[in-house]
>>> print(open('my_file.txt').read())   # compact mmCIF, C-alpha atoms
# COMPACT_ATOMS: atom_id res chain seq x y z
CA MET S 1 8.92 8.58 -32.35
CA SER S 2 9.23 10.67 -29.20
CA SER S 3 5.46 10.60 -28.59
CA THR S 4 5.37 6.80 -28.94
CA LYS S 5 8.31 6.42 -26.58
CA THR S 6 6.68 8.81 -24.11
CA LEU S 7 3.38 6.93 -24.24
CA ALA S 8 5.21 3.64 -23.70
CA ARG S 9 6.96 5.01 -20.61
CA ILE S 10 3.66 6.35 -19.29
CA ALA S 11 2.24 2.85 -19.72
CA GLY S 12 5.29 1.48 -17.90
CA ALA S 13 4.85 3.90 -14.99
CA LEU S 14 1.17 3.00 -14.69
CA TYR S 15 2.03 -0.70 -14.87
CA LEU S 16 4.55 -0.19 -12.07
CA ILE S 17 1.84 1.37 -9.89
CA VAL S 18 -0.37 -1.64 -10.65
CA ALA S 19 2.41 -4.05 -9.64
CA VAL S 20 3.28 -2.22 -6.41
CA ALA S 21 -0.29 -1.46 -5.29
CA GLY S 22 -1.70 -4.84 -6.29
CA GLY S 23 1.27 -6.70 -4.85
CA PHE S 24 0.92 -4.85 -1.55
CA SER S 25 -2.79 -5.69 -1.33
CA GLN S 26 -2.20 -9.38 -1.99
CA LEU S 27 1.09 -10.08 -0.22
CA PHE S 28 0.87 -7.76 2.78
CA VAL S 29 -2.88 -7.54 3.38
CA ARG S 30 -4.99 -10.51 2.25
CA SER S 31 -2.26 -13.11 2.69
CA LYS S 32 -1.47 -11.72 6.15
CA VAL S 33 -5.00 -11.81 7.54
CA SER S 34 -6.46 -14.87 5.83
CA VAL S 35 -6.08 -18.20 7.61
CA PRO S 36 -7.57 -20.89 5.34
CA GLY S 37 -10.01 -23.12 7.19
CA ASP S 38 -9.88 -21.08 10.42
CA ALA S 39 -12.80 -18.66 10.57
CA ALA S 40 -12.09 -17.35 14.07
CA ALA S 41 -8.43 -16.60 13.32
CA THR S 42 -9.29 -14.88 10.04
CA ALA S 43 -11.94 -12.68 11.68
CA ALA S 44 -9.58 -11.84 14.56
CA ASN S 45 -6.80 -10.90 12.14
CA ILE S 46 -9.12 -8.56 10.24
CA VAL S 47 -10.16 -6.89 13.51
CA GLN S 48 -6.54 -6.49 14.64
CA ASN S 49 -5.45 -5.22 11.21
CA ALA S 50 -8.57 -3.26 10.27
CA ALA S 51 -6.62 -0.15 9.22
CA LEU S 52 -4.29 -2.24 7.05
CA PHE S 53 -7.32 -4.02 5.56
CA ARG S 54 -8.78 -0.64 4.58
CA VAL S 55 -5.49 0.48 3.05
CA GLY S 56 -5.36 -2.73 1.05
CA PHE S 57 -8.87 -2.01 -0.20
CA ILE S 58 -7.76 1.42 -1.42
CA THR S 59 -4.52 0.22 -3.01
CA ASP S 60 -6.46 -2.44 -4.91
CA LEU S 61 -8.81 0.20 -6.33
CA VAL S 62 -5.82 2.33 -7.32
CA ALA S 63 -4.31 -0.68 -9.10
CA PHE S 64 -7.55 -1.32 -11.01
CA VAL S 65 -7.83 2.28 -12.23
CA CYS S 66 -4.18 2.33 -13.30
CA PHE S 67 -4.50 -1.02 -15.06
CA LEU S 68 -7.46 0.28 -17.05
CA ALA S 69 -5.34 3.30 -17.98
CA VAL S 70 -2.55 0.95 -19.08
CA GLY S 71 -4.99 -0.69 -21.45
CA PHE S 72 -5.99 2.64 -22.98
CA VAL S 73 -2.40 3.79 -23.48
CA LEU S 74 -1.36 0.47 -25.03
CA TYR S 75 -4.44 0.65 -27.27
CA VAL S 76 -3.29 4.03 -28.59
CA ILE S 77 0.24 2.71 -29.20
CA LEU S 78 -0.77 -0.57 -30.83
CA LYS S 79 -3.94 0.39 -32.72
CA PRO S 80 -1.99 1.07 -35.97
CA VAL S 81 -0.83 -2.56 -35.95
CA SER S 82 -4.38 -3.98 -35.91
CA PRO S 83 -7.38 -1.91 -34.75
CA ASN S 84 -9.53 -4.99 -34.14
CA LEU S 85 -6.93 -6.83 -32.04
CA ALA S 86 -6.12 -3.65 -30.13
CA LEU S 87 -9.82 -3.22 -29.36
CA ALA S 88 -10.05 -6.87 -28.24
CA MET S 89 -7.08 -6.32 -25.93
CA LEU S 90 -8.72 -3.21 -24.46
CA LEU S 91 -12.08 -4.95 -23.94
CA LEU S 92 -10.47 -7.91 -22.17
CA ASN S 93 -8.53 -5.48 -20.00
CA ALA S 94 -11.75 -3.63 -19.12
CA VAL S 95 -13.65 -6.86 -18.32
CA SER S 96 -10.89 -8.02 -15.97
CA VAL S 97 -10.90 -4.63 -14.22
CA ALA S 98 -14.71 -4.60 -13.88
CA LEU S 99 -14.79 -8.10 -12.39
CA SER S 100 -11.92 -7.35 -10.00
CA ALA S 101 -13.49 -4.08 -8.84
CA ALA S 102 -16.91 -5.67 -8.27
CA ASN S 103 -15.19 -8.45 -6.36
CA MET S 104 -13.93 -5.91 -3.80
CA ILE S 105 -17.45 -5.86 -2.33
CA ASN S 106 -16.55 -9.19 -0.70
CA GLN S 107 -13.51 -7.69 1.04
CA LEU S 108 -15.59 -4.73 2.22
CA GLY S 109 -18.27 -7.11 3.49
CA ALA S 110 -15.71 -9.14 5.43
CA LEU S 111 -14.37 -5.94 7.02
CA LEU S 112 -17.82 -4.68 8.02
CA ILE S 113 -18.96 -7.99 9.50
CA ALA S 114 -15.71 -8.47 11.43
CA THR S 115 -15.54 -4.96 12.87
CA ASP S 116 -19.11 -3.59 13.10
CA PRO S 117 -21.45 -5.37 15.54
CA GLY S 118 -24.42 -3.78 13.77
CA TYR S 119 -23.94 -6.17 10.86
CA THR S 120 -23.91 -9.29 13.03
CA ALA S 121 -26.99 -8.66 15.18
CA GLY S 122 -28.75 -11.96 15.81
CA LEU S 123 -25.73 -14.02 14.75
CA THR S 124 -23.57 -16.09 17.05
CA SER S 125 -19.84 -15.34 17.05
CA GLU S 126 -19.20 -18.62 15.26
CA ALA S 127 -21.71 -17.78 12.52
CA ALA S 128 -20.26 -14.29 12.08
CA HIS S 129 -16.72 -15.66 11.85
CA SER S 130 -17.83 -18.26 9.31
CA LEU S 131 -19.42 -15.53 7.19
CA VAL S 132 -16.20 -13.51 7.29
CA LEU S 133 -14.16 -16.51 6.13
CA TRP S 134 -16.74 -17.27 3.43
CA LEU S 135 -16.49 -13.71 2.05
CA VAL S 136 -12.68 -13.88 2.06
CA GLU S 137 -12.82 -17.16 0.15
CA VAL S 138 -15.41 -15.85 -2.32
CA GLN S 139 -13.11 -12.90 -3.00
CA ARG S 140 -10.25 -15.29 -3.74
CA GLN S 141 -12.46 -17.17 -6.19
CA GLY S 142 -13.57 -13.89 -7.75
CA TYR S 143 -9.97 -12.98 -8.47
CA LEU S 144 -9.43 -16.35 -10.11
CA ILE S 145 -12.40 -15.74 -12.41
CA ALA S 146 -11.09 -12.27 -13.25
CA GLN S 147 -7.71 -13.87 -13.95
CA ILE S 148 -9.25 -15.68 -16.92
CA PHE S 149 -9.85 -12.35 -18.67
CA PHE S 150 -6.64 -10.87 -17.33
CA GLY S 151 -4.75 -13.77 -18.86
CA LEU S 152 -6.66 -13.58 -22.15
CA TYR S 153 -5.76 -9.87 -22.39
CA LEU S 154 -2.11 -10.90 -22.71
CA LEU S 155 -2.82 -12.93 -25.86
CA PRO S 156 -3.78 -10.08 -28.22
CA LEU S 157 -1.29 -7.82 -26.43
CA GLY S 158 1.52 -10.31 -27.03
CA TYR S 159 0.56 -10.77 -30.67
CA LEU S 160 0.39 -7.01 -31.22
CA VAL S 161 3.78 -6.56 -29.56
CA TYR S 162 5.17 -9.36 -31.73
CA ARG S 163 3.87 -7.77 -34.94
CA SER S 164 4.42 -4.10 -34.09
CA HIS S 165 8.22 -3.69 -34.42
CA PHE S 166 7.89 -1.28 -31.49
CA PHE S 167 9.33 -3.95 -29.21
CA PRO S 168 11.50 -7.06 -29.55
CA ARG S 169 9.48 -9.93 -30.98
CA VAL S 170 10.59 -12.22 -28.17
CA LEU S 171 8.75 -9.93 -25.74
CA GLY S 172 5.51 -10.59 -27.59
CA ALA S 173 6.12 -14.34 -27.44
CA VAL S 174 6.80 -14.09 -23.70
CA LEU S 175 3.51 -12.23 -23.15
CA MET S 176 1.56 -14.90 -25.04
CA ALA S 177 3.26 -17.54 -22.90
CA GLY S 178 2.18 -15.51 -19.87
CA CYS S 179 -1.42 -15.81 -21.08
CA ALA S 180 -1.07 -19.59 -21.12
CA GLY S 181 0.46 -19.51 -17.63
CA TYR S 182 -2.40 -17.53 -16.09
CA LEU S 183 -5.07 -19.69 -17.72
CA ALA S 184 -3.29 -22.90 -16.70
CA GLY S 185 -3.20 -21.61 -13.13
CA VAL S 186 -6.98 -21.17 -13.10
CA VAL S 187 -7.53 -24.63 -14.57
CA ALA S 188 -5.17 -26.16 -11.98
CA VAL S 189 -7.20 -24.65 -9.13
CA TYR S 190 -10.62 -25.71 -10.38
CA ALA S 191 -9.40 -29.18 -11.31
CA ALA S 192 -7.96 -29.79 -7.85
CA PRO S 193 -9.89 -31.17 -4.85
CA GLY S 194 -10.78 -28.39 -2.43
CA LEU S 195 -10.07 -25.75 -5.09
CA THR S 196 -6.48 -25.37 -3.95
CA SER S 197 -3.36 -26.16 -5.96
CA SER S 198 0.27 -25.32 -5.30
CA VAL S 199 0.97 -25.81 -9.01
CA SER S 200 -1.30 -22.87 -9.85
CA THR S 201 1.19 -20.52 -8.21
CA ASP S 202 3.95 -21.82 -10.47
CA PHE S 203 1.78 -21.29 -13.54
CA GLY S 204 0.89 -17.82 -12.33
CA MET S 205 4.56 -16.98 -12.00
CA VAL S 206 4.93 -17.44 -15.76
CA GLY S 207 2.39 -14.69 -16.33
CA GLY S 208 3.89 -12.52 -13.61
CA VAL S 209 7.41 -12.75 -15.04
CA ALA S 210 6.10 -11.97 -18.54
CA GLU S 211 4.39 -8.82 -17.30
CA LEU S 212 7.41 -7.80 -15.24
CA LEU S 213 9.68 -8.04 -18.29
CA PHE S 214 7.22 -6.01 -20.36
CA LEU S 215 6.90 -3.44 -17.57
CA LEU S 216 10.68 -3.02 -17.32
CA TRP S 217 11.03 -2.68 -21.09
CA LEU S 218 8.34 0.02 -21.17
CA LEU S 219 10.03 1.94 -18.36
CA VAL S 220 13.63 1.63 -19.53
CA LYS S 221 13.43 1.44 -23.31
CA GLY S 222 9.98 2.77 -24.12
CA ALA S 223 9.06 1.91 -27.71
CA ASP S 224 10.77 2.34 -31.06
CA SER S 225 9.13 3.87 -34.08
CA PRO S 226 9.02 1.45 -37.00
CA VAL S 227 8.08 4.06 -39.57
CA LYS S 228 10.70 5.97 -41.52
CA GLU S 229 9.77 8.50 -44.15
CA GLN S 230 11.35 8.21 -47.60
CA PRO S 231 11.72 11.13 -50.03
CA SER S 232 9.78 9.27 -52.75
CA GLY S 233 6.67 9.03 -50.56
CA VAL S 234 7.34 5.40 -49.75
CA THR S 235 7.06 4.35 -46.12
CA SER S 236 9.60 1.86 -44.85
CA ILE S 237 8.69 -0.35 -41.92
CA LYS S 238 11.83 -2.18 -40.86
CA GLY S 239 12.58 -3.41 -44.33
CA GLU S 240 8.97 -3.72 -45.49
CA LEU S 241 7.89 -1.15 -48.10
CA THR S 242 4.36 0.17 -48.43
CA TRP S 243 3.12 3.05 -50.51
CA LYS S 244 2.04 6.05 -48.49
CA ALA S 245 -0.88 7.84 -50.10
>>> encode(input="my_file.txt", output="structure tokens")
Amino acid sequence: MSSTKTLARIAGALYLIVAVAGGFSQLFVRSKVSVPGDAAATAANIVQNAALFRVGFITDLVAFVCFLAVGFVLYVILKPVSPNLALAMLLLNAVSVALSAANMINQLGALLIATDPGYTAGLTSEAAHSLVLWLVEVQRQGYLIAQIFFGLYLLPLGYLVYRSHFFPRVLGAVLMAGCAGYLAGVVAVYAAPGLTSSVSTDFGMVGGVAELLFLLWLLVKGADSPVKEQPSGVTSIKGELTWKA
């Protein structure tokens, strides 16, 4: 029981790092420098906030590594519930991390083009600024594509949480609803003219709240052990009896 609770709290601590580092990169770096539709302003903001842009690059990478670690820890905790579903959860987690990490090349490219004249030789200022804005927009689209797998990861996770008895069943249902929220947000963007939709943010909030609740539960409560040993060699799992060989 203590090892399961400890692992759950480790997962919660890692998830907290993901939330803080990833939130910083998005809310205080990319959102601050990006000016949709204005290439010159976006390039100028990156130049003026180059150090912050680099920090955001690093905090994103930290978030990705920690999120992959979250997947591994949750896999260890939830594998006894269903090895196949736990593996599916881990694979979806890993795919989302790989796509998000590869997508960081676009942010690095925007930084290099905006701040290093060696990368813009032969280009007019207007062309260089347009390329910076294009890379920033491509990165945004890359995150949306990664969000598909990030959202899908919540589906097996939620079902495993629901079935595990380690956590309240309602928490599993909330995580599965979070999956639907993230996927709906992606659909809303790609169905909208100009690939922008205010509704997508509302859908995304469903997924964000689901993860926040799970994160807090991991940190505060950890995880319960559903297995209790019986003298007769019978294993009781919250009222369900199975014979232990």
>>> residues_near_point(input="my_file.txt", point="(10.8, -12.9, -22.2)", cutoff="9 Å", atoms="only C-alpha atoms", output="JSON, numbers by chain")
{"S": [170, 171, 172, 173, 174, 175, 177, 209, 210, 213, 214]}
>>> atom_distance(input="my_file.txt", atom1="atom CA of Ile145 of chain S", atom2="atom CA of Gly12 of chain S")
25.3 Å
>>> residues_around(input="my_file.txt", residues="segment 60-67 of chain S", least_positions_apart="3", cutoff="8 Å", atoms="all atoms listed in the file", output="list in words")
Leu14, Tyr15, Ile17, Val18, Ala19, Ala21, Gly22, Ser25, Gly56, Phe57, Val70, Gly71, Asn93, Val97, Ser100 and Ala101 of chain S
>>> residues_around(input="my_file.txt", residues="segment 104-110 of chain S", least_positions_apart="2", cutoff="8 Å", atoms="only C-alpha atoms", output="PDB file with C-alpha atoms, in the frame of the given file")
ATOM      1  CA  PHE S  57      -8.870  -2.010  -0.200  1.00  0.00           C
ATOM      2  CA  SER S 100     -11.920  -7.350 -10.000  1.00  0.00           C
ATOM      3  CA  ALA S 101     -13.490  -4.080  -8.840  1.00  0.00           C
ATOM      4  CA  ALA S 102     -16.910  -5.670  -8.270  1.00  0.00           C
ATOM      5  CA  LEU S 112     -17.820  -4.680   8.020  1.00  0.00           C
ATOM      6  CA  ILE S 113     -18.960  -7.990   9.500  1.00  0.00           C
ATOM      7  CA  ALA S 114     -15.710  -8.470  11.430  1.00  0.00           C
ATOM      8  CA  LEU S 131     -19.420 -15.530   7.190  1.00  0.00           C
ATOM      9  CA  VAL S 132     -16.200 -13.510   7.290  1.00  0.00           C
ATOM     10  CA  LEU S 133     -14.160 -16.510   6.130  1.00  0.00           C
ATOM     11  CA  LEU S 135     -16.490 -13.710   2.050  1.00  0.00           C
ATOM     12  CA  VAL S 136     -12.680 -13.880   2.060  1.00  0.00           C
ATOM     13  CA  VAL S 138     -15.410 -15.850  -2.320  1.00  0.00           C
ATOM     14  CA  GLN S 139     -13.110 -12.900  -3.000  1.00  0.00           C
TER      15      GLN S 139
END
>>> residues_around(input="my_file.txt", residues="Gln147 of chain S", least_positions_apart="2", cutoff="8 Å", atoms="all atoms listed in the file", output="MDAnalysis selection string")
chainID S and resid 96 143:145 149:151 182:183 186
>>> atom_distance(input="my_file.txt", atom1="atom CA of Ala43 of chain S", atom2="atom CA of Ala121 of chain S")
16.0 Å
>>> atom_distance(input="my_file.txt", atom1="atom CA of Ala39 of chain S", atom2="atom CA of Ser200 of chain S")
23.8 Å
>>> closest_residue(input="my_file.txt", among="S:Leu91, S:Ala192, S:Val206, S:Leu99", to="Ala180 of chain S", atoms="only C-alpha atoms")
S:Val206
>>> closest_residue(input="my_file.txt", among="S:Leu195, S:Val47, S:Val187, S:Leu218", to="Arg140 of chain S", atoms="only C-alpha atoms")
S:Leu195
>>> residues_around(input="my_file.txt", residues="Phe167 of chain S", least_positions_apart="3", cutoff="7 Å", atoms="all atoms listed in the file", output="list in words")
Val161, Ser164, Leu171, Ala223 and Asp224 of chain S
